[in-house]
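Peer 1: If it helps, the file is called coords_15.txt and holds compact mmCIF, C-alpha atoms:
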# COMPACT_ATOMS: atom_id res chain seq x y z
CA MET A 1 134.12 -164.54 54.81
CA GLU A 2 134.66 -160.77 54.71
CA THR A 3 132.99 -158.78 51.97
CA ILE A 4 135.56 -157.08 49.76
CA ILE A 5 134.99 -153.33 49.68
CA ASN A 6 137.32 -151.53 47.32
CA ASP A 7 134.86 -149.29 45.51
CA THR A 8 134.76 -145.60 46.41
CA VAL A 9 131.04 -145.31 45.67
CA GLU A 10 130.38 -148.21 48.02
CA ILE A 11 132.33 -146.79 50.97
CA ILE A 12 130.59 -143.43 50.51
CA ASP A 13 127.24 -145.23 50.60
CA ILE A 14 128.26 -147.16 53.74
CA TYR A 15 129.26 -143.96 55.51
CA GLU A 16 126.06 -142.18 54.52
CA LYS A 17 123.92 -145.09 55.71
CA ASN A 18 125.58 -144.87 59.13
CA ALA A 19 124.92 -141.17 59.58
CA ASN A 20 123.65 -140.03 62.97
CA ARG A 21 122.24 -136.53 62.97
CA GLU A 22 122.32 -136.08 66.75
CA LEU A 23 125.99 -137.01 66.91
CA ALA A 24 126.64 -134.88 63.84
CA LYS A 25 125.28 -131.79 65.61
CA ARG A 26 127.63 -132.36 68.53
CA MET A 27 130.62 -132.96 66.29
CA GLU A 28 129.84 -129.84 64.26
CA SER A 29 129.58 -127.80 67.43
CA TYR A 30 132.92 -129.12 68.70
CA MET A 31 134.52 -128.06 65.42
CA LYS A 32 133.01 -124.56 65.71
CA ASN A 33 130.60 -125.36 62.85
CA HIS A 34 133.37 -125.10 60.27
CA PHE A 35 132.30 -128.39 58.69
CA SER A 36 129.32 -130.65 58.18
CA PHE A 37 129.50 -134.10 59.75
CA LEU A 38 127.70 -137.36 59.18
CA GLY A 39 127.94 -138.11 62.87
CA ILE A 40 130.15 -141.21 62.71
CA PRO A 41 132.44 -141.47 65.78
CA LYS A 42 136.04 -142.58 65.27
CA PRO A 43 135.65 -146.22 66.49
CA LEU A 44 132.74 -146.84 64.14
CA ARG A 45 134.51 -145.04 61.33
CA ALA A 46 137.51 -147.35 61.77
CA LYS A 47 135.27 -150.39 61.72
CA LEU A 48 133.37 -149.28 58.63
CA SER A 49 136.51 -148.41 56.66
CA LYS A 50 138.77 -151.30 57.75
CA GLN A 51 138.06 -153.61 54.83
CA PHE A 52 137.98 -150.78 52.31
CA LEU A 53 141.37 -149.48 53.41
CA LYS A 54 142.81 -152.99 53.46
CA GLU A 55 141.85 -153.48 49.82
CA LYS A 56 142.61 -149.92 48.75
CA THR A 57 146.17 -150.01 50.13
CA LYS A 58 147.12 -153.30 48.50
CA ILE A 59 148.34 -151.19 45.61
CA LYS A 60 151.40 -149.52 47.10
CA ARG A 61 150.86 -146.29 45.24
CA ILE A 62 148.84 -143.32 46.41
CA ASP A 63 145.62 -142.72 44.52
CA TRP A 64 145.56 -138.93 44.71
CA ASN A 65 142.33 -138.77 42.72
CA PHE A 66 140.62 -140.66 45.54
CA VAL A 67 142.21 -138.44 48.17
CA PHE A 68 141.06 -135.22 46.54
CA GLN A 69 137.64 -136.71 45.81
CA MET A 70 137.23 -137.24 49.55
CA PHE A 71 138.38 -133.70 50.26
CA GLU A 72 135.72 -132.38 47.90
CA LYS A 73 132.97 -134.05 49.93
CA SER A 74 131.08 -131.85 52.36
CA GLU A 75 131.16 -134.12 55.37
CA ARG A 76 134.33 -134.15 57.45
CA GLU A 77 134.40 -137.93 57.87
CA PHE A 78 135.41 -138.27 54.22
CA GLN A 79 138.48 -136.12 54.78
CA TYR A 80 139.33 -138.33 57.76
CA LEU A 81 138.99 -141.38 55.51
CA ALA A 82 141.41 -139.86 52.98
CA MET A 83 143.94 -139.11 55.71
CA ASP A 84 143.62 -142.61 57.21
CA TYR A 85 144.41 -143.89 53.73
CA LEU A 86 147.46 -141.63 53.41
CA ARG A 87 148.81 -142.68 56.79
CA LYS A 88 148.70 -146.32 55.72
CA LEU A 89 150.71 -145.47 52.61
CA GLU A 90 153.10 -143.05 54.32
CA LYS A 91 156.17 -145.05 53.27
CA THR A 92 155.25 -144.74 49.59
CA LEU A 93 155.32 -140.93 49.60
CA GLN A 94 157.58 -139.48 46.93
CA LYS A 95 159.41 -136.17 46.99
CA ALA A 96 157.02 -134.60 44.48
CA ASP A 97 154.11 -135.45 46.78
CA ILE A 98 155.00 -132.46 48.95
CA GLU A 99 152.96 -130.42 46.46
CA MET A 100 149.94 -132.66 47.04
CA LEU A 101 150.31 -132.42 50.80
CA GLU A 102 150.52 -128.63 50.55
CA LYS A 103 147.25 -128.58 48.58
CA LEU A 104 145.59 -130.70 51.26
CA ILE A 105 146.87 -128.47 54.06
CA LEU A 106 145.23 -125.54 52.30
CA ASN A 107 142.01 -127.43 51.56
CA LYS A 108 139.26 -127.20 54.22
CA SER A 109 141.96 -126.19 56.69
CA TRP A 110 141.53 -126.59 60.43
CA TRP A 111 143.65 -128.01 63.23
CA ASP A 112 142.27 -131.55 62.91
CA SER A 113 143.34 -132.04 59.29
CA VAL A 114 146.52 -129.94 59.48
CA ASP A 115 147.80 -131.78 62.54
CA THR A 116 147.14 -135.10 60.83
CA LEU A 117 148.94 -134.07 57.65
CA ALA A 118 151.96 -132.58 59.46
CA PRO A 119 153.49 -135.98 60.38
CA LEU A 120 153.20 -137.02 56.72
CA VAL A 121 155.21 -133.93 55.81
CA GLY A 122 157.63 -134.94 58.55
CA ALA A 123 158.01 -138.46 57.15
CA LEU A 124 158.66 -137.06 53.69
CA CYS A 125 161.27 -134.61 54.98
CA LEU A 126 163.11 -137.44 56.74
CA LYS A 127 163.49 -139.18 53.39
CA HIS A 128 164.23 -135.93 51.54
CA PRO A 129 165.82 -133.46 54.01
CA GLU A 130 166.37 -130.95 51.22
CA LEU A 131 162.61 -130.29 51.26
CA LYS A 132 163.06 -128.33 54.47
CA GLU A 133 164.93 -125.56 52.69
CA GLU A 134 163.32 -126.01 49.29
CA VAL A 135 159.72 -125.91 50.54
CA LEU A 136 159.15 -125.63 54.29
CA ALA A 137 161.42 -122.62 54.68
CA ASN A 138 158.91 -120.80 52.48
CA TRP A 139 155.99 -122.13 54.50
CA MET A 140 157.32 -120.64 57.74
CA GLY A 141 157.09 -117.17 56.21
CA ASN A 142 153.86 -117.75 54.30
CA SER A 143 150.80 -115.65 55.05
CA ASN A 144 148.78 -118.84 55.61
CA ILE A 145 148.80 -119.81 59.30
CA TRP A 146 148.36 -123.52 58.57
CA LEU A 147 151.49 -123.76 56.43
CA LYS A 148 153.30 -121.85 59.17
CA ARG A 149 151.98 -124.29 61.77
CA VAL A 150 153.21 -127.30 59.82
CA SER A 151 156.67 -125.77 59.48
CA ILE A 152 156.79 -125.64 63.28
CA ILE A 153 155.32 -129.05 64.17
CA PHE A 154 156.34 -131.36 61.33
CA GLN A 155 159.28 -132.63 63.43
CA LEU A 156 157.18 -133.73 66.42
CA LYS A 157 158.05 -137.39 65.87
CA TYR A 158 161.73 -136.78 65.16
CA ARG A 159 162.73 -137.16 68.82
CA ASP A 160 166.50 -136.58 69.12
CA LYS A 161 166.79 -136.26 65.33
CA THR A 162 165.08 -132.87 65.45
CA ASP A 163 166.80 -130.26 63.31
CA THR A 164 167.14 -127.57 65.99
CA ASP A 165 168.42 -124.95 63.56
CA PHE A 166 165.30 -125.32 61.46
CA LEU A 167 163.02 -125.44 64.49
CA LYS A 168 164.60 -122.25 65.81
CA LYS A 169 164.09 -120.48 62.49
CA ALA A 170 160.48 -121.62 62.20
CA ILE A 171 159.68 -120.43 65.71
CA LEU A 172 161.45 -117.07 65.43
CA ARG A 173 159.64 -116.31 62.16
CA ASN A 174 156.35 -116.72 64.01
CA ASN A 175 156.93 -115.94 67.69
CA MET A 176 155.74 -112.34 67.63
CA THR A 177 152.10 -113.07 66.85
CA LYS A 178 148.77 -113.14 68.63
CA GLU A 179 147.65 -116.11 66.54
CA PHE A 180 146.56 -118.88 68.92
CA PHE A 181 147.30 -121.77 66.57
CA LEU A 182 150.87 -120.60 66.02
CA ASN A 183 151.61 -119.88 69.68
CA LYS A 184 150.16 -123.27 70.57
CA ALA A 185 152.27 -124.95 67.88
CA ILE A 186 155.45 -123.31 69.18
CA GLY A 187 154.73 -124.53 72.69
CA TRP A 188 153.84 -128.00 71.43
CA ALA A 189 157.08 -128.31 69.45
CA LEU A 190 159.19 -127.13 72.39
CA ARG A 191 157.37 -129.41 74.84
CA GLN A 192 157.88 -132.44 72.63
CA PHE A 193 161.57 -131.74 72.07
CA SER A 194 162.10 -131.09 75.79
CA LYS A 195 161.61 -134.82 76.35
CA PHE A 196 164.88 -135.41 74.52
CA ASN A 197 166.87 -132.22 75.02
CA PRO A 198 165.50 -130.22 77.97
CA ASP A 199 168.62 -128.06 78.23
CA TRP A 200 168.19 -126.79 74.66
CA VAL A 201 164.55 -125.94 75.31
CA LYS A 202 165.30 -124.21 78.62
CA LEU A 203 167.96 -122.05 76.99
CA PHE A 204 165.72 -121.27 74.03
CA ILE A 205 162.81 -120.15 76.22
CA ALA A 206 165.16 -118.00 78.29
CA SER A 207 166.77 -116.42 75.23
CA TYR A 208 163.85 -115.36 73.02
CA PRO A 209 160.54 -113.55 73.46
CA LEU A 210 157.63 -116.00 73.35
CA SER A 211 153.95 -115.75 74.16
CA ALA A 212 152.75 -116.83 77.58
CA LEU A 213 150.95 -119.74 75.92
CA SER A 214 154.12 -120.93 74.15
CA ILE A 215 156.14 -120.71 77.35
CA ARG A 216 153.49 -122.50 79.40
CA GLU A 217 153.18 -125.32 76.88
CA GLY A 218 156.90 -125.55 76.16
CA SER A 219 157.82 -125.68 79.85
CA LYS A 220 155.37 -128.39 80.84
CA TYR A 221 157.99 -131.15 81.16
CA LEU A 222 160.91 -129.02 82.32
The structure in this file should be written as structure tokens.
Peer 2:
Amino acid sequence: METIINDTVEIIDIYEKNANRELAKRMESYMKNHFSFLGIPKPLRAKLSKQFLKEKTKIKRIDWNFVFQMFEKSEREFQYLAMDYLRKLEKTLQKADIEMLEKLILNKSWWDSVDTLAPLVGALCLKHPELKEEVLANWMGNSNIWLKRVSIIFQLKYRDKTDTDFLKKAILRNNMTKEFFLNKAIGWALRQFSKFNPDWVKLFIASYPLSALSIREGSKYL
């Protein structure tokens, strides 16, 4: 019989007891020492959290207090736990939750968390398309590079449902930059959409000034 783990204190204790300092050093180095790590690799993390997440997601309502509690923890694995939890409850996201997702994007920001949260923003915008103009249009012109990045990549899973007008606007607001994470995002978005509409991507790349990185990434499948 499986032990029921639905207590936040208990899952924190389980994670801390499985810390591995040698692995933590390597993980911290890989992430440019932006964050502390316990040193729990993804497969073990999934195993340790499986029962907890199973119990925690039985209530089909997001516990934002838990999410932000995990984002307050020093070690990065706790933020990963919070995002694993959110992914499992993606379908329960409500329109007002865009504010919560924005707070998370701005909290301990780096590519690993931002690129995990972007599809959640994408799922929410599919249910509430008006959020693109009400919220994400402001993100694309924000001074924060991570909000900009999400405005460019939130449609990665949209396939042929991609809003090309919005994608074009998001890219052209951010194409004249030396910021690696934005140029990479532009290329990533174009590369992904080229799987479904290569002609649009070819014409776009030919028509507008883009960084060498964006062109290289965006042209990969053309």
Peer 1: Excluding same-chain residues fewer than 2 positions from Phe71 in chain A, what lies within 9 Å of it counting all atoms listed in the file, as number ranges by chain?
Peer 2: A: 66-69, 73-76, 78-80, 82, 104, 107-108
Peer 1: To one decimal place in Å, what is the distance between CA of Leu44 in chain A and CA of Ile14 in chain A?
Peer 2: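 Separation between CA of Leu44 in chain A and CA of Ile14 in chain A: 11.3 Å.
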Peer 1: With 5 Å added on each side, what axis-aligned box encloses every listed atom of range 202-217 of chain A? Give the centre and edge lengths in Å to one decimal, as JSON.
Peer 2:
{"center_x": 159.5, "center_y": -119.4, "center_z": 76.2, "size_x": 27.0, "size_y": 21.8, "size_z": 16.4}
Peer 1: Using all atoms listed in the file, which protein or nucleic acid residues come within 8 Å of Asn174 in chain A? Drop anything in the same chain fewer than 6 positions from it, and give the result as number ranges by chain.
Peer 2: A: 140-141, 148, 182
Peer 1: May I have the residues from that selection written out with C-alpha atoms, as a PDB file, keeping the file's coordinate frame?
Peer 2:
ATOM      1  CA  MET A 140     157.320-120.640  57.740  1.00  0.00           C
ATOM      2  CA  GLY A 141     157.090-117.170  56.210  1.00  0.00           C
ATOM      3  CA  LYS A 148     153.300-121.850  59.170  1.00  0.00           C
ATOM      4  CA  LEU A 182     150.870-120.600  66.020  1.00  0.00           C
TER       5      LEU A 182
END
Peer 1: Please compute the CA of Arg159 in chain A-CA of Arg87 in chain A distance, one decimal, in Å.
Peer 2: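 Calculated distance between CA of Arg159 in chain A and CA of Arg87 in chain A is 19.2 Å.
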Peer 1: For Met83 in chain A, which residue out of A:Ser29, A:Thr116, A:Gln192, A:Gln51 is the nearest one, using only C-alpha atoms?
Peer 2: A:Thr116
Peer 1: Interatomic distance between CA of Ile152 in chain A and CA of Leu117 in chain A?
Peer 2: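 We find that CA of Ile152 in chain A and CA of Leu117 in chain A lie 12.8 Å from each other.
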Peer 1: Pick from A:Lys168, A:Lys95, A:Arg26, A:Lys54: nearest to Leu190 in chain A, with all atoms listed in the file counted?
Peer 2: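 For Leu190 in chain A, the nearest of the given residues is A:Lys168.
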Peer 1: Measuring between only C-alpha atoms, which one of A:Leu126, A:Val121, A:Ala96, A:Leu213 shows the shortest distance to Phe154 in chain A?
Peer 2: A:Val121
Peer 1: Of the candidates A:Pro41, A:Pro129, A:Gly218, A:Pro209, which one gets nearest to Gln155 in chain A if we count all atoms listed in the file?
Peer 2: A:Pro129
Peer 1: Looking at only C-alpha atoms, which of A:Tyr30, A:Trp146, A:Trp139, A:Tyr158 is the one that sits closest to Gly122 in chain A?
Peer 2: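 Comparing A:Tyr30, A:Trp146, A:Trp139, A:Tyr158 against Gly122 in chain A, the winner is A:Tyr158.
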Peer 1: Would you please work out which residue, of A:Ala185, A:Ile12, A:Leu167, A:Val135, is nearest to Val114 in chain A when using all atoms listed in the file?
Peer 2: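 Smallest distance to Val114 in chain A is found for A:Ala185.
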Peer 1: Please work out which residues fall within 10 Å of (151.3, -143.7, 55.2), coordinates as given in the file, with all atoms listed in the file counting, and return them as number ranges by chain.
Peer 2: A: 57, 60, 62, 83-93, 119-120, 123
Peer 1: Find the residues around Asp115 in chain A up to 9 Å (all atoms listed in the file counted), leave out those fewer than 2 positions away in its own chain, and share them as a compact mmCIF listing (two decimals) with C-alpha atoms, in the coordinates of the input.
Peer 2:
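The resulting around_33.txt:
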# COMPACT_ATOMS: atom_id res chain seq x y z
CA TRP A 110 141.53 -126.59 60.43
CA TRP A 111 143.65 -128.01 63.23
CA ASP A 112 142.27 -131.55 62.91
CA SER A 113 143.34 -132.04 59.29
CA LEU A 117 148.94 -134.07 57.65
CA ALA A 118 151.96 -132.58 59.46
CA PRO A 119 153.49 -135.98 60.38
CA ARG A 149 151.98 -124.29 61.77
CA VAL A 150 153.21 -127.30 59.82
CA ILE A 153 155.32 -129.05 64.17
CA PHE A 154 156.34 -131.36 61.33
Peer 1: Model the absent atoms of range 111-138 of chain A so that N, CA and C atoms are present, and write the result as a PDB file, in the coordinates of the input.
Peer 2:
ATOM      1  N   TRP A 111     142.603-127.318  62.482  1.00  0.00           N
ATOM      2  CA  TRP A 111     143.650-128.010  63.230  1.00  0.00           C
ATOM      3  C   TRP A 111     143.589-129.526  63.086  1.00  0.00           C
ATOM      4  N   ASP A 112     142.386-130.091  62.946  1.00  0.00           N
ATOM      5  CA  ASP A 112     142.270-131.550  62.910  1.00  0.00           C
ATOM      6  C   ASP A 112     142.932-132.140  61.673  1.00  0.00           C
ATOM      7  N   SER A 113     142.720-131.524  60.515  1.00  0.00           N
ATOM      8  CA  SER A 113     143.340-132.040  59.290  1.00  0.00           C
ATOM      9  C   SER A 113     144.816-131.651  59.217  1.00  0.00           C
ATOM     10  N   VAL A 114     145.125-130.419  59.571  1.00  0.00           N
ATOM     11  CA  VAL A 114     146.520-129.940  59.480  1.00  0.00           C
ATOM     12  C   VAL A 114     147.430-130.750  60.388  1.00  0.00           C
ATOM     13  N   ASP A 115     146.966-131.037  61.597  1.00  0.00           N
ATOM     14  CA  ASP A 115     147.800-131.780  62.540  1.00  0.00           C
ATOM     15  C   ASP A 115     147.918-133.251  62.182  1.00  0.00           C
ATOM     16  N   THR A 116     147.030-133.745  61.336  1.00  0.00           N
ATOM     17  CA  THR A 116     147.140-135.100  60.830  1.00  0.00           C
ATOM     18  C   THR A 116     148.081-135.159  59.631  1.00  0.00           C
ATOM     19  N   LEU A 117     148.086-134.120  58.835  1.00  0.00           N
ATOM     20  CA  LEU A 117     148.940-134.070  57.650  1.00  0.00           C
ATOM     21  C   LEU A 117     150.388-133.730  58.003  1.00  0.00           C
ATOM     22  N   ALA A 118     150.594-132.997  59.095  1.00  0.00           N
ATOM     23  CA  ALA A 118     151.960-132.580  59.460  1.00  0.00           C
ATOM     24  C   ALA A 118     152.929-133.741  59.615  1.00  0.00           C
ATOM     25  N   PRO A 119     152.549-134.858  60.275  1.00  0.00           N
ATOM     26  CA  PRO A 119     153.490-135.980  60.380  1.00  0.00           C
ATOM     27  C   PRO A 119     153.828-136.615  59.029  1.00  0.00           C
ATOM     28  N   LEU A 120     152.910-136.512  58.068  1.00  0.00           N
ATOM     29  CA  LEU A 120     153.200-137.020  56.720  1.00  0.00           C
ATOM     30  C   LEU A 120     154.274-136.152  56.069  1.00  0.00           C
ATOM     31  N   VAL A 121     154.158-134.845  56.278  1.00  0.00           N
ATOM     32  CA  VAL A 121     155.210-133.930  55.810  1.00  0.00           C
ATOM     33  C   VAL A 121     156.518-134.278  56.500  1.00  0.00           C
ATOM     34  N   GLY A 122     156.437-134.571  57.795  1.00  0.00           N
ATOM     35  CA  GLY A 122     157.630-134.940  58.550  1.00  0.00           C
ATOM     36  C   GLY A 122     158.286-136.199  58.005  1.00  0.00           C
ATOM     37  N   ALA A 123     157.481-137.203  57.694  1.00  0.00           N
ATOM     38  CA  ALA A 123     158.010-138.460  57.150  1.00  0.00           C
ATOM     39  C   ALA A 123     158.692-138.214  55.807  1.00  0.00           C
ATOM     40  N   LEU A 124     158.094-137.360  55.005  1.00  0.00           N
ATOM     41  CA  LEU A 124     158.660-137.060  53.690  1.00  0.00           C
ATOM     42  C   LEU A 124     159.972-136.297  53.817  1.00  0.00           C
ATOM     43  N   CYS A 125     160.041-135.389  54.785  1.00  0.00           N
ATOM     44  CA  CYS A 125     161.270-134.610  54.980  1.00  0.00           C
ATOM     45  C   CYS A 125     162.397-135.450  55.573  1.00  0.00           C
ATOM     46  N   LEU A 126     162.064-136.520  56.274  1.00  0.00           N
ATOM     47  CA  LEU A 126     163.110-137.440  56.740  1.00  0.00           C
ATOM     48  C   LEU A 126     163.758-138.142  55.558  1.00  0.00           C
ATOM     49  N   LYS A 127     162.957-138.505  54.585  1.00  0.00           N
ATOM     50  CA  LYS A 127     163.490-139.180  53.390  1.00  0.00           C
ATOM     51  C   LYS A 127     164.179-138.193  52.448  1.00  0.00           C
ATOM     52  N   HIS A 128     163.700-136.961  52.450  1.00  0.00           N
ATOM     53  CA  HIS A 128     164.230-135.930  51.540  1.00  0.00           C
ATOM     54  C   HIS A 128     164.478-134.653  52.337  1.00  0.00           C
ATOM     55  N   PRO A 129     165.543-134.607  53.134  1.00  0.00           N
ATOM     56  CA  PRO A 129     165.820-133.460  54.010  1.00  0.00           C
ATOM     57  C   PRO A 129     165.902-132.128  53.263  1.00  0.00           C
ATOM     58  N   GLU A 130     166.245-132.193  51.990  1.00  0.00           N
ATOM     59  CA  GLU A 130     166.370-130.950  51.220  1.00  0.00           C
ATOM     60  C   GLU A 130     165.035-130.213  51.103  1.00  0.00           C
ATOM     61  N   LEU A 131     163.924-130.928  51.330  1.00  0.00           N
ATOM     62  CA  LEU A 131     162.610-130.290  51.260  1.00  0.00           C
ATOM     63  C   LEU A 131     162.444-129.213  52.324  1.00  0.00           C
ATOM     64  N   LYS A 132     163.185-129.330  53.403  1.00  0.00           N
ATOM     65  CA  LYS A 132     163.060-128.330  54.470  1.00  0.00           C
ATOM     66  C   LYS A 132     163.414-126.942  53.939  1.00  0.00           C
ATOM     67  N   GLU A 133     164.522-126.859  53.218  1.00  0.00           N
ATOM     68  CA  GLU A 133     164.930-125.560  52.690  1.00  0.00           C
ATOM     69  C   GLU A 133     164.231-125.236  51.372  1.00  0.00           C
ATOM     70  N   GLU A 134     163.947-126.251  50.592  1.00  0.00           N
ATOM     71  CA  GLU A 134     163.320-126.010  49.290  1.00  0.00           C
ATOM     72  C   GLU A 134     161.851-125.618  49.409  1.00  0.00           C
ATOM     73  N   VAL A 135     161.168-126.131  50.425  1.00  0.00           N
ATOM     74  CA  VAL A 135     159.720-125.910  50.540  1.00  0.00           C
ATOM     75  C   VAL A 135     159.309-125.334  51.888  1.00  0.00           C
ATOM     76  N   LEU A 136     159.678-126.025  52.981  1.00  0.00           N
ATOM     77  CA  LEU A 136     159.150-125.630  54.290  1.00  0.00           C
ATOM     78  C   LEU A 136     159.711-124.299  54.785  1.00  0.00           C
ATOM     79  N   ALA A 137     160.884-123.929  54.315  1.00  0.00           N
ATOM     80  CA  ALA A 137     161.420-122.620  54.680  1.00  0.00           C
ATOM     81  C   ALA A 137     160.512-121.511  54.153  1.00  0.00           C
ATOM     82  N   ASN A 138     159.871-121.764  53.023  1.00  0.00           N
ATOM     83  CA  ASN A 138     158.910-120.800  52.480  1.00  0.00           C
ATOM     84  C   ASN A 138     157.606-120.836  53.265  1.00  0.00           C
TER      85      ASN A 138
END
